[in-house]
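One structure below.
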Amino acid sequence: MYSMFSSSIAAISTPKGSGGIAVIRISGKDSIAIADRFVRLYGKKAVSEMEANTALPCRITDENGDTIDTAVVTVFRAPRSFTGEDTVEISCHGGIIVSGDVLGRALECGAVPAGPGEFTRRAFSAGKLSLSQAEAIGEVISAKSRAALRLSRANVDGKLAKGIDEIYGDIKTALSAVYAETDFPDEGLSPVSPEEMRETIISVMKKLDALKSSYKTGHAVVEGIQTVLCGKPNTGKSTLLNLLCEEERAIVTDIAGTTRDIITEQVTCGDATLLISDTAGIRDTSDKIEAVGVDRALEKLSGAELIISVFDASKPLDEDDIRVISAVEKQHDCGAVAVAVLNKSDLGTAVSEKDFGAAFDKVVVLSAKDKACRDIIAGAINDLFISGSIGAGENAIITNARQYAKVCQAYENVSDALSVLDVLGTEIAGTELESAMGALGELDGRRVGIEIVDDIFSKFCVGK
Ligand code: GDP
């Protein structure tokens with residue numbers, strides 16, 4: 001075991017595989033001394049004599065001084081580096097063997113292998129980043145859409161951290177006034193009036209409520225909406241999935257009951273990311289295998305956040321359609337968002353939008369065979385999940401379930417403070433406000449436990 005801060009860590013920070021260059025990063029108090037042992041500059045100078053933030057061409061040498069590769073070495077000195085520690089970056093040729101050998105030399109010369117996310121973790125420990133900024137770096141790296149990138153980028157720049165900071169500060173002001181009264185009653189400090197405290201609590205509740213609401217958008221853009229495509233067989237679910245994926249993924253046939261298992265796809269739809277499960281058609285069937293598919297489809301519906309239910313608009317609704325509508329209605333009542341797609345509009349419409357009212361948040365009429373209709377469904381989903389312009393808006397947006405849970409906890413504590421204020425007074429209300437500060441502290445890392453930090457950074461790759 002090595003202590004996180006006494007060791008110097010090293011890893012290849014570029015993706016595995018062949019490329020033009022690979023970057024080997026070494027961070028820690030001995031990183032420059034380690035580089036001195038195997039990085040040779042052209043001329044007499046050693047890496048340790050390089051100025052901060054400068055790069056020079058170099059040779060990477062083995063234990064006999066023979067050249068392994070030619071490279072460029074960049075030196076950053078604490079605290080002005082990503083991790084806040086002395087850092088050396090070696091840009092060598094990007095072959096799997098050669099980059100592995102350069103890393104091997106760093107390890108032989110005293111570095112230890114970096115764990116997942118350990119560079120970012122050190123940046124957090126050095127106070128260079130808040131926890132939400134560190135999470136946002138992970139989200140920038142894994143962003144699958146421009147919208148996710150814009151939003152995560154805004155949080156790397158500290159938009160969420162600033163929002164949390166402001167709320168934290170408001171609560172602290174209210175609390176310090178309470179403590180001035182209880183801890184120093186003879187100092188003649190003006191006691192905080194319950195009225196002032198109430199005003200602060202209400203304003204904090206509003207800000208927390210806005211953050212809570214922002215999760216719908218943040219989740220839809222960054223984490224992705226658990227989406228289920230359902231409908232009776234042959235309504236065009238697979239065709240719609242292909243339209244959403246913008247390529248042929250699902251098998252499209254005109255034989256009813258051919259999609260028997262569940263296909264899952266990640267697609268970008270407007271600003272939202274959909275994690276779509278295409279299900280077997282829901283209908284009464286005597287075919288045993290098909291019946292298993294139908295059961296799975298109904299089961300999958302119960303975990304969905306968004307249900308896209310497809311109907312053949314060219315034919316009147318039948319019993320199987322009614323069965324689908326009532327299955328959707330049940331989930332809609334439990335909080336799922338539901339969109340009815342009246343498909344095959346090119347063949348005319350035999351159904352009315354009114355038939356779908358109660359079970360669905362939106363009804364769209366389109367032809368899944370027509371590529372131009374993708375915008376219709378994307379527009380409907382955007383209206384339901386995305387508020388404001390992503391990343392560019394004034395307001396902070398939370399993007400993951402962990403942050404959401406902490407905001408909800410803080411909101412509950414603050415609303416409890418409001419409830420007890422009149423009955424039990426400012427001091428007891430103050431203890432609830434302290435709990436709210438605790439939750440926000442965990443959100444942004446001020447008071448976070450080691451297990452939570454471990455958990456967050458374990459999701460990063462080695463080298464980040
Ligand atoms: P699924 O069983 O619900 O997945 O339905 P499919 O996507 O396999 O489609 C069933 C049949 O309907 C296929 O022959 C498709 O080509 C056809 N189909 C799907 N969408 C449309 C549409 O918008 N217009 C027309 N005319 N046919 C469609």
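Residues are referred to by chain and number: the chain letter is A, B, ... according to the order shown in the structure tokens, the number counts from 1 in that chain, and ligands are numbered separately from 1 in the order shown.
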As a list in words, please: all residues of range 274-387 of chain A that backbone DSSP puts in strand (DSSP E or B). Leu274, Leu275, Ile276, Ser277, Asp278, Leu306, Ile307, Ile308, Ser309, Val310, Phe311, Asp312, Val337, Ala338, Val339, Ala340, Val341, Leu342, Asn343, Lys362, Val363, Val364 and Val365 of chain A
Could you pull out the alpha helix (DSSP H) residues of range 100-133 of chain A, going by DSSP on the backbone, and write them as a PyMOL selection string? chain A and resi 100-108+118-125+131-133
From A:Asn155, A:Thr349, A:Asn395, A:Gln403, residue lying nearest Ser367 in chain A [only C-alpha atoms]: A:Thr349
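The shortest atom-to-atom distance to Ser31 in chain A, with only C-alpha atoms taken into account, belongs to A:Val88 out of A:Ala114, A:Ala46, A:Leu103, A:Val88.
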For range 198-218 of chain A versus range 158-168 of chain A, which residues have an atom no more than 9 Å away, and what is each residue's nearest atom pair and distance in Å rounded to one decimal, using only C-alpha atoms, chain-then-number order, as a tab-separated table?
residue	atom	partner	partner_atom	distance
A:Val204	CA	A:Ile167	CA	6.2
A:Lys207	CA	A:Ile167	CA	7.2
A:Leu208	CA	A:Ile167	CA	7.8
A:Leu211	CA	A:Gly163	CA	8.7
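Residues in contact with Val364 in chain A at up to 7 Å, not including ones fewer than 2 positions away on its chain and judged by only C-alpha atoms, are A:Ala340, A:Val341, A:Leu342, A:Lys362, A:Leu366.
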Skipping near chain neighbours, those fewer than 2 positions away, what residues fall within 10 Å of Cys408 in chain A using only C-alpha atoms, listed as JSON, numbers by chain? {"A": [208, 209, 211, 212, 403, 404, 405, 406, 410, 411, 412, 413, 414, 436, 439, 440]}
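Among the candidates A:Lys459, A:Arg374, A:Lys464, A:Lys45, the residue lying nearest to ligand 1 is A:Arg374 (atoms considered: only C-alpha atoms and all ligand atoms).
As for CA of Ala372 in chain A and atom 23 (O, counted along the ligand's line) of ligand 1, they are spaced 11.4 Å apart.
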Of the residues A:Asp355, A:Asp312, A:Glu85, A:Glu451, which is the one nearest to ligand 1, using only C-alpha atoms and all ligand atoms? A:Asp312
Give me the residues within 10 Å of Ser302 in chain A as an MDAnalysis selection string, counting only C-alpha atoms and dropping any in the same chain fewer than 6 places off. chainID A and resid 228 327:328 330:332 334 336
